[in-house]
file work.txt (compact mmCIF, C-alpha atoms)
# COMPACT_ATOMS: atom_id res chain seq x y z
CA MET A 16 15.26 140.71 45.89
CA THR A 17 18.06 138.78 47.46
CA LEU A 18 18.91 138.93 51.12
CA GLU A 19 22.07 137.97 52.95
CA ILE A 20 22.46 138.10 56.69
CA LEU A 21 26.09 137.85 57.75
CA SER A 22 27.62 137.60 61.18
CA PRO A 23 31.36 137.60 61.90
CA GLU A 24 31.16 133.90 62.61
CA LYS A 25 29.00 132.65 59.79
CA LEU A 26 26.46 133.24 57.08
CA ILE A 27 23.10 133.25 58.84
CA PHE A 28 20.77 133.49 55.89
CA LYS A 29 20.96 133.71 52.15
CA GLY A 30 17.91 133.70 49.98
CA VAL A 31 15.10 135.52 48.26
CA ALA A 32 12.67 137.79 50.05
CA GLU A 33 9.61 139.80 49.07
CA SER A 34 9.67 142.08 52.05
CA ILE A 35 12.04 142.62 54.93
CA GLN A 36 11.36 144.41 58.16
CA LEU A 37 14.38 145.77 59.99
CA PRO A 38 14.91 147.25 63.46
CA GLY A 39 16.43 150.59 62.44
CA LYS A 40 18.19 152.66 65.03
CA ASP A 41 15.55 155.38 64.78
CA GLY A 42 12.66 153.03 64.36
CA SER A 43 11.62 149.94 62.50
CA PHE A 44 11.35 150.12 58.72
CA GLY A 45 10.57 147.86 55.82
CA ILE A 46 12.28 147.13 52.54
CA LEU A 47 10.33 146.14 49.46
CA GLU A 48 11.35 145.37 45.90
CA ASN A 49 13.17 148.25 44.15
CA HIS A 50 13.99 150.15 47.27
CA ALA A 51 16.28 153.14 46.87
CA PRO A 52 19.90 152.52 47.93
CA ILE A 53 20.21 152.92 51.68
CA ILE A 54 22.75 152.34 54.41
CA ALA A 55 21.25 152.22 57.88
CA THR A 56 22.37 151.18 61.31
CA LEU A 57 20.29 148.70 63.22
CA LYS A 58 19.64 148.15 66.88
CA LYS A 59 18.86 144.99 68.80
CA GLY A 60 15.70 143.44 67.49
CA VAL A 61 14.17 141.07 65.02
CA VAL A 62 14.61 140.94 61.26
CA LYS A 63 11.38 139.71 59.67
CA VAL A 64 11.70 138.20 56.24
CA SER A 65 8.58 137.42 54.20
CA ASN A 66 8.61 135.31 51.11
CA GLU A 67 5.68 133.58 49.45
CA GLY A 68 3.48 134.06 52.46
CA GLN A 69 6.06 132.60 54.82
CA GLU A 70 7.61 134.68 57.51
CA THR A 71 11.00 133.96 59.03
CA GLU A 72 12.48 135.82 61.95
CA PHE A 73 16.10 136.39 62.84
CA GLU A 74 17.21 137.98 66.05
CA ILE A 75 20.10 140.39 65.82
CA LYS A 76 21.97 142.32 68.45
CA GLY A 77 22.51 145.32 66.24
CA GLY A 78 24.33 145.90 63.01
CA VAL A 79 24.11 147.66 59.71
CA VAL A 80 22.19 147.12 56.50
CA GLU A 81 23.02 148.03 52.95
CA VAL A 82 20.46 147.94 50.17
CA VAL A 83 21.53 148.45 46.61
CA LYS A 84 20.01 147.22 43.35
CA ASN A 85 17.62 144.78 45.01
CA LYS A 86 20.43 143.27 47.00
CA VAL A 87 20.11 143.51 50.75
CA ILE A 88 23.04 142.74 53.01
CA VAL A 89 22.57 142.73 56.76
CA LEU A 90 25.73 142.70 58.86
CA SER A 91 24.68 141.44 62.26
CA ASP A 92 26.88 141.76 65.35
CA MET B 13 79.38 97.76 72.15
CA PRO B 14 76.15 99.15 73.59
CA ASN B 15 74.19 96.99 75.89
CA LEU B 16 71.40 95.11 74.07
CA LYS B 17 68.78 95.77 76.68
CA GLU B 18 69.58 99.47 76.83
CA VAL B 19 69.10 99.84 73.12
CA ARG B 20 65.86 97.93 73.24
CA VAL B 21 64.52 100.22 75.94
CA ARG B 22 65.50 103.28 73.91
CA ILE B 23 63.80 101.95 70.81
CA THR B 24 60.58 101.45 72.77
CA SER B 25 60.73 104.92 74.22
CA VAL B 26 61.44 106.61 70.90
CA ASN B 27 58.62 104.60 69.38
CA SER B 28 56.11 105.85 71.91
CA THR B 29 57.32 109.40 71.44
CA LYS B 30 56.77 108.97 67.74
CA GLN B 31 53.25 107.76 68.36
CA ILE B 32 52.51 110.81 70.46
CA THR B 33 53.94 113.30 67.97
CA SER B 34 52.12 111.75 65.06
CA ALA B 35 48.86 111.81 67.01
CA MET B 36 49.46 115.46 67.84
CA LYS B 37 50.09 116.15 64.20
CA MET B 38 46.75 114.62 63.25
CA VAL B 39 44.94 116.61 65.91
CA SER B 40 46.58 119.81 64.75
CA ALA B 41 45.67 119.10 61.15
CA ALA B 42 42.02 118.73 62.12
CA LYS B 43 42.10 121.86 64.24
CA LEU B 44 43.86 123.76 61.49
CA ARG B 45 41.04 122.97 59.10
CA LYS B 46 38.52 124.21 61.60
CA ALA B 47 40.48 127.38 62.25
CA GLN B 48 40.84 128.04 58.55
CA ASP B 49 37.12 127.55 58.09
CA ALA B 50 36.47 130.17 60.74
CA VAL B 51 38.73 132.62 58.90
CA THR B 52 36.91 131.97 55.64
CA GLN B 53 33.54 132.32 57.34
CA MET B 54 34.27 135.76 58.68
CA ARG B 55 35.86 137.12 55.54
CA PRO B 56 32.62 138.17 53.71
CA TYR B 57 31.49 140.05 56.80
CA ALA B 58 34.81 141.82 57.24
CA GLU B 59 35.04 142.74 53.58
CA LYS B 60 31.51 144.09 53.38
CA LEU B 61 31.99 146.07 56.56
CA GLN B 62 35.17 147.66 55.20
CA GLU B 63 33.43 148.43 51.94
CA ILE B 64 30.50 150.16 53.65
CA LEU B 65 32.79 152.01 56.01
CA LYS B 66 34.89 153.20 53.12
CA GLY B 67 31.84 154.31 51.19
CA VAL B 68 30.26 156.15 54.08
CA SER B 69 33.38 157.82 55.36
CA ALA B 70 34.38 159.15 51.95
CA GLY B 71 34.28 162.90 52.26
CA LEU B 72 34.06 162.78 56.03
CA ASP B 73 36.83 163.79 58.35
CA THR B 74 37.20 160.62 60.38
CA SER B 75 40.06 162.02 62.44
CA GLU B 76 37.49 163.85 64.53
CA ASN B 77 36.24 160.53 65.73
CA VAL B 78 37.20 159.57 69.30
CA TYR B 79 39.19 156.68 67.91
CA GLY B 80 40.97 158.84 65.39
CA ARG B 81 42.75 161.16 67.80
CA ASN B 82 46.52 161.15 67.76
CA ASP B 83 47.72 164.35 69.38
CA LYS B 84 50.33 162.71 71.59
CA ASP B 85 52.42 159.66 71.01
CA GLU B 86 53.65 158.83 74.47
CA ASN B 87 51.86 155.76 75.78
CA VAL B 88 51.94 152.72 73.56
CA LEU B 89 49.99 149.55 74.11
CA ILE B 90 51.21 146.45 72.32
CA ILE B 91 48.69 143.65 72.05
CA THR B 92 50.68 140.45 71.75
CA ILE B 93 48.90 137.38 70.50
CA SER B 94 50.55 134.05 71.22
CA SER B 95 49.15 130.65 72.13
CA ASN B 96 48.28 128.93 75.36
CA ARG B 97 50.21 125.80 74.52
CA GLY B 98 53.73 125.09 73.44
CA LEU B 99 55.23 122.49 71.12
CA CYS B 100 54.59 124.58 68.07
CA GLY B 101 58.06 125.42 66.87
CA ALA B 102 59.09 129.05 66.72
CA PHE B 103 55.49 130.26 66.76
CA ASN B 104 55.56 131.93 70.17
CA SER B 105 59.21 132.91 70.32
CA GLN B 106 58.82 134.67 66.97
CA VAL B 107 56.13 136.98 68.29
CA ILE B 108 57.85 137.55 71.61
CA LYS B 109 61.13 138.37 69.92
CA HIS B 110 59.41 140.81 67.61
CA VAL B 111 57.68 142.59 70.49
CA LYS B 112 60.97 142.86 72.40
CA HIS B 113 62.50 144.32 69.31
CA LEU B 114 59.67 146.84 69.01
CA ILE B 115 60.14 147.91 72.63
CA ALA B 116 63.88 148.27 72.28
CA ASP B 117 63.95 150.05 68.94
CA ASP B 118 60.72 151.43 67.51
CA TYR B 119 59.20 152.58 70.78
CA LYS B 120 62.38 153.42 72.60
CA GLY B 121 61.84 156.04 75.27
CA LYS B 122 58.10 155.64 75.14
CA ASN B 123 55.91 154.29 77.82
CA VAL B 124 55.13 150.81 76.55
CA THR B 125 52.50 148.54 78.03
CA ILE B 126 51.91 145.02 76.88
CA LEU B 127 48.63 143.20 76.81
CA THR B 128 48.97 139.53 76.07
CA PHE B 129 46.62 137.00 74.61
CA GLY B 130 47.90 133.51 75.34
CA LYS B 131 49.89 132.03 78.19
CA LYS B 132 53.19 131.89 76.38
CA ALA B 133 53.43 135.63 75.85
CA GLU B 134 52.17 136.23 79.35
CA GLU B 135 54.93 134.07 80.76
CA ALA B 136 57.49 135.95 78.73
CA PHE B 137 56.38 139.43 79.76
CA ARG B 138 54.86 138.95 83.19
CA LYS B 139 58.09 139.74 84.98
CA THR B 140 58.92 142.81 82.91
CA ASP B 141 57.73 146.24 83.95
CA HIS B 142 55.82 146.55 80.69
CA PHE B 143 53.22 144.04 81.70
CA ILE B 144 49.66 145.37 81.93
CA LYS B 145 48.78 147.74 84.63
CA GLY B 146 45.64 149.74 84.99
CA THR B 147 42.14 148.56 85.43
CA LEU B 148 40.58 149.34 82.11
CA LEU B 149 42.21 146.61 80.09
CA PRO B 150 40.63 143.18 79.76
CA ARG B 151 41.68 140.45 82.18
CA HIS B 152 41.77 136.70 81.75
CA THR B 153 42.63 137.11 78.13
CA ASN B 154 44.12 133.63 77.92
CA GLU B 155 40.74 132.00 78.32
CA ILE B 156 39.56 133.58 75.11
CA PHE B 157 41.23 130.75 73.18
CA ASP B 158 39.19 128.10 74.98
CA ASP B 159 36.18 129.22 73.05
CA LEU B 160 37.06 131.79 70.44
CA THR B 161 33.83 133.60 69.65
CA TYR B 162 33.13 137.03 68.28
CA ASP B 163 31.22 138.05 71.39
CA ARG B 164 34.12 137.37 73.71
CA THR B 165 36.54 139.11 71.40
CA ALA B 166 34.21 142.08 71.11
CA GLU B 167 34.14 142.37 74.87
CA ALA B 168 37.93 142.51 75.08
CA ALA B 169 38.11 144.93 72.15
CA SER B 170 35.59 147.24 73.81
CA LYS B 171 37.74 147.39 76.90
CA ILE B 172 40.81 148.23 74.88
CA MET B 173 38.88 150.94 73.06
CA GLY B 174 37.65 152.21 76.41
CA ALA B 175 41.22 152.51 77.67
CA PHE B 176 42.15 154.40 74.53
CA LYS B 177 39.18 156.70 74.92
CA ALA B 178 40.16 157.38 78.54
CA LYS B 179 43.53 158.52 77.14
CA GLN B 180 45.50 155.79 78.86
CA PHE B 181 47.13 155.05 75.55
CA ASP B 182 47.89 157.12 72.51
CA ARG B 183 48.62 154.24 70.25
CA VAL B 184 47.64 150.58 70.21
CA MET B 185 49.53 148.08 68.10
CA LEU B 186 48.62 144.51 67.33
CA VAL B 187 51.36 141.88 66.94
CA TYR B 188 50.42 138.39 65.84
CA ASN B 189 51.35 135.50 63.59
CA SER B 190 49.54 135.70 60.33
CA PHE B 191 48.77 132.53 58.46
CA LYS B 192 50.47 132.09 55.12
CA ASN B 193 50.42 128.34 54.83
CA ALA B 194 50.71 125.44 57.24
CA ALA B 195 54.49 125.72 57.31
CA VAL B 196 54.95 129.48 57.16
CA GLN B 197 53.76 132.10 59.60
CA ILE B 198 54.56 135.75 59.21
CA VAL B 199 54.71 138.05 62.20
CA LYS B 200 52.48 141.00 61.47
CA THR B 201 52.34 144.35 63.20
CA GLU B 202 49.15 146.27 62.66
CA GLN B 203 48.00 149.57 64.00
CA PHE B 204 44.83 149.05 65.97
CA LEU B 205 44.28 152.56 67.31
CA PRO B 206 44.11 155.38 66.39
CA VAL B 207 42.06 154.25 63.45
CA LEU B 208 43.78 154.76 60.15
CA PRO B 209 41.48 156.54 57.73
CA PRO B 210 40.21 154.06 55.18
CA GLU B 211 42.23 154.17 52.02
CA ASN B 212 40.38 156.25 49.54
CA ASP B 213 40.93 155.16 46.00
CA GLY B 214 38.22 157.51 44.82
CA SER B 215 35.77 154.73 44.27
CA GLY B 216 33.53 155.67 47.19
CA VAL B 217 29.91 154.82 46.71
CA ASP B 218 28.51 155.37 43.27
CA ALA B 219 24.87 154.91 44.16
CA ASP B 220 22.97 157.75 45.74
CA TYR B 221 22.53 156.33 49.18
CA ILE B 222 20.07 157.33 51.81
CA PHE B 223 21.89 157.39 55.13
CA GLU B 224 19.87 156.48 58.14
CA PRO B 225 20.22 158.20 60.65
CA ASN B 226 23.14 160.15 59.09
CA LYS B 227 26.65 159.66 57.80
CA ASN B 228 28.43 160.71 60.95
CA GLU B 229 26.45 158.47 63.19
CA ILE B 230 26.86 155.50 60.91
CA VAL B 231 30.62 155.97 60.84
CA GLY B 232 30.63 156.33 64.62
CA ASP B 233 28.77 153.07 64.78
CA LEU B 234 30.85 151.23 62.23
CA ILE B 235 34.32 152.09 63.49
CA PRO B 236 33.98 150.14 66.76
CA LYS B 237 32.56 147.24 64.77
CA SER B 238 35.45 147.29 62.38
CA LEU B 239 37.92 147.36 65.29
CA LYS B 240 36.26 144.37 66.91
CA THR B 241 36.40 142.59 63.60
CA GLN B 242 40.08 143.46 63.25
CA LEU B 243 40.91 141.94 66.63
CA PHE B 244 38.76 138.91 65.93
CA LYS B 245 40.48 138.41 62.61
CA ALA B 246 43.91 138.67 64.23
CA LEU B 247 42.94 136.09 66.85
CA LEU B 248 41.54 133.70 64.27
CA ASP B 249 44.57 134.17 62.06
CA SER B 250 46.88 133.51 64.97
CA THR B 251 44.96 130.37 65.93
CA ALA B 252 45.19 129.04 62.41
CA SER B 253 48.91 129.79 62.39
CA GLU B 254 49.36 128.09 65.73
CA HIS B 255 47.84 124.86 64.51
CA GLY B 256 49.79 125.10 61.29
CA ALA B 257 53.02 125.62 63.21
CA ARG B 258 52.28 122.76 65.54
CA MET B 259 51.41 120.49 62.68
CA THR B 260 54.72 121.24 60.98
CA ALA B 261 56.68 120.89 64.21
CA MET B 262 55.06 117.57 64.99
CA HIS B 263 55.59 116.36 61.46
CA LYS B 264 59.29 117.09 61.80
CA ALA B 265 59.40 115.43 65.21
CA THR B 266 57.77 112.33 63.77
CA ASP B 267 60.29 112.26 60.94
CA ASN B 268 63.16 112.64 63.36
CA ALA B 269 61.82 109.85 65.51
CA THR B 270 61.61 107.60 62.47
CA ASP B 271 65.24 108.33 61.62
CA LEU B 272 66.31 107.74 65.18
CA ILE B 273 64.50 104.43 65.34
CA LYS B 274 66.19 103.34 62.14
CA GLU B 275 69.58 104.19 63.56
CA LEU B 276 68.87 102.51 66.86
CA LYS B 277 67.63 99.37 65.14
CA LEU B 278 70.87 99.19 63.22
CA THR B 279 72.86 99.53 66.43
CA TYR B 280 70.66 96.94 68.07
CA ASN B 281 71.13 94.42 65.29
CA LYS B 282 74.87 95.01 65.21
CA ALA B 283 75.05 94.42 68.94
CA ARG B 284 72.91 91.34 68.62
CA GLN B 285 75.11 89.90 65.91
CA ALA B 286 78.26 90.67 67.84
CA ALA B 287 76.82 88.86 70.83
CA ILE B 288 75.98 85.82 68.70
CA THR B 289 79.42 85.76 67.12
CA LYS B 290 80.97 85.98 70.53
CA GLU B 291 78.88 83.09 71.78
CA ILE B 292 79.80 80.88 68.82
CA LEU B 293 83.46 81.69 69.31
CA GLU B 294 83.20 80.69 72.91
CA ILE B 295 81.49 77.41 72.06
CA VAL B 296 83.95 76.60 69.34
CA GLY B 297 86.84 77.52 71.61
CA GLY B 298 85.41 75.36 74.40
CA ALA B 299 84.85 72.39 72.12
CA GLU B 300 88.36 72.62 70.75
CA ALA B 301 89.80 72.74 74.22
CA LEU B 302 87.91 69.54 75.06
CA ASN B 303 89.06 67.77 71.90
CA GLY B 304 92.61 68.96 72.25

call {"tool": "encode", "arguments": {"input": "work.txt", "output": "structure tokens"}}
result
Amino acid sequence: MTLEILSPEKLIFKGVAESIQLPGKDGSFGILENHAPIIATLKKGVVKVSNEGQETEFEIKGGVVEVVKNKVIVLSD
Amino acid sequence: MPNLKEVRVRITSVNSTKQITSAMKMVSAAKLRKAQDAVTQMRPYAEKLQEILKGVSAGLDTSENVYGRNDKDENVLIITISSNRGLCGAFNSQVIKHVKHLIADDYKGKNVTILTFGKKAEEAFRKTDHFIKGTLLPRHTNEIFDDLTYDRTAEAASKIMGAFKAKQFDRVMLVYNSFKNAAVQIVKTEQFLPVLPPENDGSGVDADYIFEPNKNEIVGDLIPKSLKTQLFKALLDSTASEHGARMTAMHKATDNATDLIKELKLTYNKARQAAITKEILEIVGGAEALNG
């Protein structure tokens, strides 16, 4: 699936990911391929992106995520 | 006939002015590009945020939100965005004039307060009794332009929202120059608070979304974000306009200086020739007197 992490100032990340771990407001959760559409608010924490065995981390101060049709968009504050 | 030396001095001075204005034009052009880039960079974020907000709030009564209240319409806050520096044509006076017009006509009889971003607007309104009072509003707003980041804007926006929540104001308007192109700026008046319900064109969200934690909370979370983004966008837009306006103003100034130099050179050469003619006449006259 494709992942985009946007902040008001710039595009932080754009690429492919196999699994994404997000700091949800009510607890951390993961997104895998073919996840059902979801809109969730995020709190301060780390977004972990795994792709081909590599893990990348992005710190966010909060935000919101939308997942639809294997397209994940994270709006970071 | 003008004095030769005087004209020469004027030519030099106009020339150095021209050098300054053309340098300023270059600087503004570079800054304009940067400012425009910033606007383009934030656009995807702003659009996505609006889209999500629209989708989530479809079917919800957003007027219940703390930022949606509008039971009175007595105290109006006008956020005026100008620049810290001058020499940018009608950029600042345009906004200031518009705000004065709003106070005198649209919000006549209401209790108007003005919050300024930028020294020029502050100078214009500081001595009026509309200038910010109260402790909830952000201070040192002029410094925001030194380093225009989302975080600093968000801080100011939070304070404004706090003042609205504390019922200091019933309505908050945003007045700024919006960027059309480098030569044209349009003064825009936007309602900042209470939040206007997102336009519902019936599109909503088609997919069956899971909302985490729930719709209401998401909307409550997104509205402040969208307000911060709105203020940030206005500030960025105004900055881009400022540099555009300055670039145009400096371009005109450079052109005028070029014309002036041309004119002065003509005067100078005329004066020079007249002086030469006069000298020759004197010599010829002297020689004739000797011969005679």

call {"tool": "interface_residues", "arguments": {"input": "work.txt", "of": "chain A", "to": "chain B", "cutoff": "8 Å", "atoms": "all atoms listed in the file", "output": "short mmCIF file (atom, residue, chain, number, x, y, z; two decimals) with C-alpha atoms, in the coordinates of the input"}}
result
data_model
loop_
_atom_site.label_atom_id
_atom_site.label_comp_id
_atom_site.auth_asym_id
_atom_site.auth_seq_id
_atom_site.Cartn_x
_atom_site.Cartn_y
_atom_site.Cartn_z
CA LEU A 21 26.09 137.85 57.75
CA SER A 22 27.62 137.60 61.18
CA PRO A 23 31.36 137.60 61.90
CA GLU A 24 31.16 133.90 62.61
CA LYS A 25 29.00 132.65 59.79
CA LEU A 26 26.46 133.24 57.08
CA LYS A 40 18.19 152.66 65.03
CA ASP A 41 15.55 155.38 64.78
CA ALA A 51 16.28 153.14 46.87
CA PRO A 52 19.90 152.52 47.93
CA ILE A 53 20.21 152.92 51.68
CA ILE A 54 22.75 152.34 54.41
CA ALA A 55 21.25 152.22 57.88
CA THR A 56 22.37 151.18 61.31
CA GLU A 81 23.02 148.03 52.95
CA VAL A 83 21.53 148.45 46.61
CA LEU A 90 25.73 142.70 58.86
CA ASP A 92 26.88 141.76 65.35
#

call {"tool": "closest_residue", "arguments": {"input": "work.txt", "among": "A:Ser91, A:Ser43, A:Thr17, A:Asn49", "to": "Glu74 of chain A", "atoms": "only C-alpha atoms"}}
result
A:Ser91

call {"tool": "atom_distance", "arguments": {"input": "work.txt", "atom1": "atom CA of Thr33 of chain B", "atom2": "atom CA of Gly98 of chain B"}}
result
13.0 Å

call {"tool": "closest_residue", "arguments": {"input": "work.txt", "among": "A:Lys86, A:Gly42, A:Met16, A:Ile27", "to": "Phe73 of chain A", "atoms": "all atoms listed in the file"}}
result
A:Ile27

call {"tool": "closest_residue", "arguments": {"input": "work.txt", "among": "A:Lys58, A:Ile35, A:Gly30, A:Asn66", "to": "Val82 of chain A", "atoms": "only C-alpha atoms"}}
result
A:Ile35

call {"tool": "residues_around", "arguments": {"input": "work.txt", "residues": "Met38 of chain B", "least_positions_apart": "4", "cutoff": "8 Å", "atoms": "all atoms listed in the file", "output": "CSV table (one decimal) with C-alpha atoms, in the coordinates of the input"}}
result
chain,number,residue,atom,x,y,z
B,34,SER,CA,52.1,111.8,65.1
B,42,ALA,CA,42.0,118.7,62.1
B,259,MET,CA,51.4,120.5,62.7

call {"tool": "atom_distance", "arguments": {"input": "work.txt", "atom1": "atom CA of Lys274 of chain B", "atom2": "atom CA of Ala35 of chain B"}}
result
19.9 Å
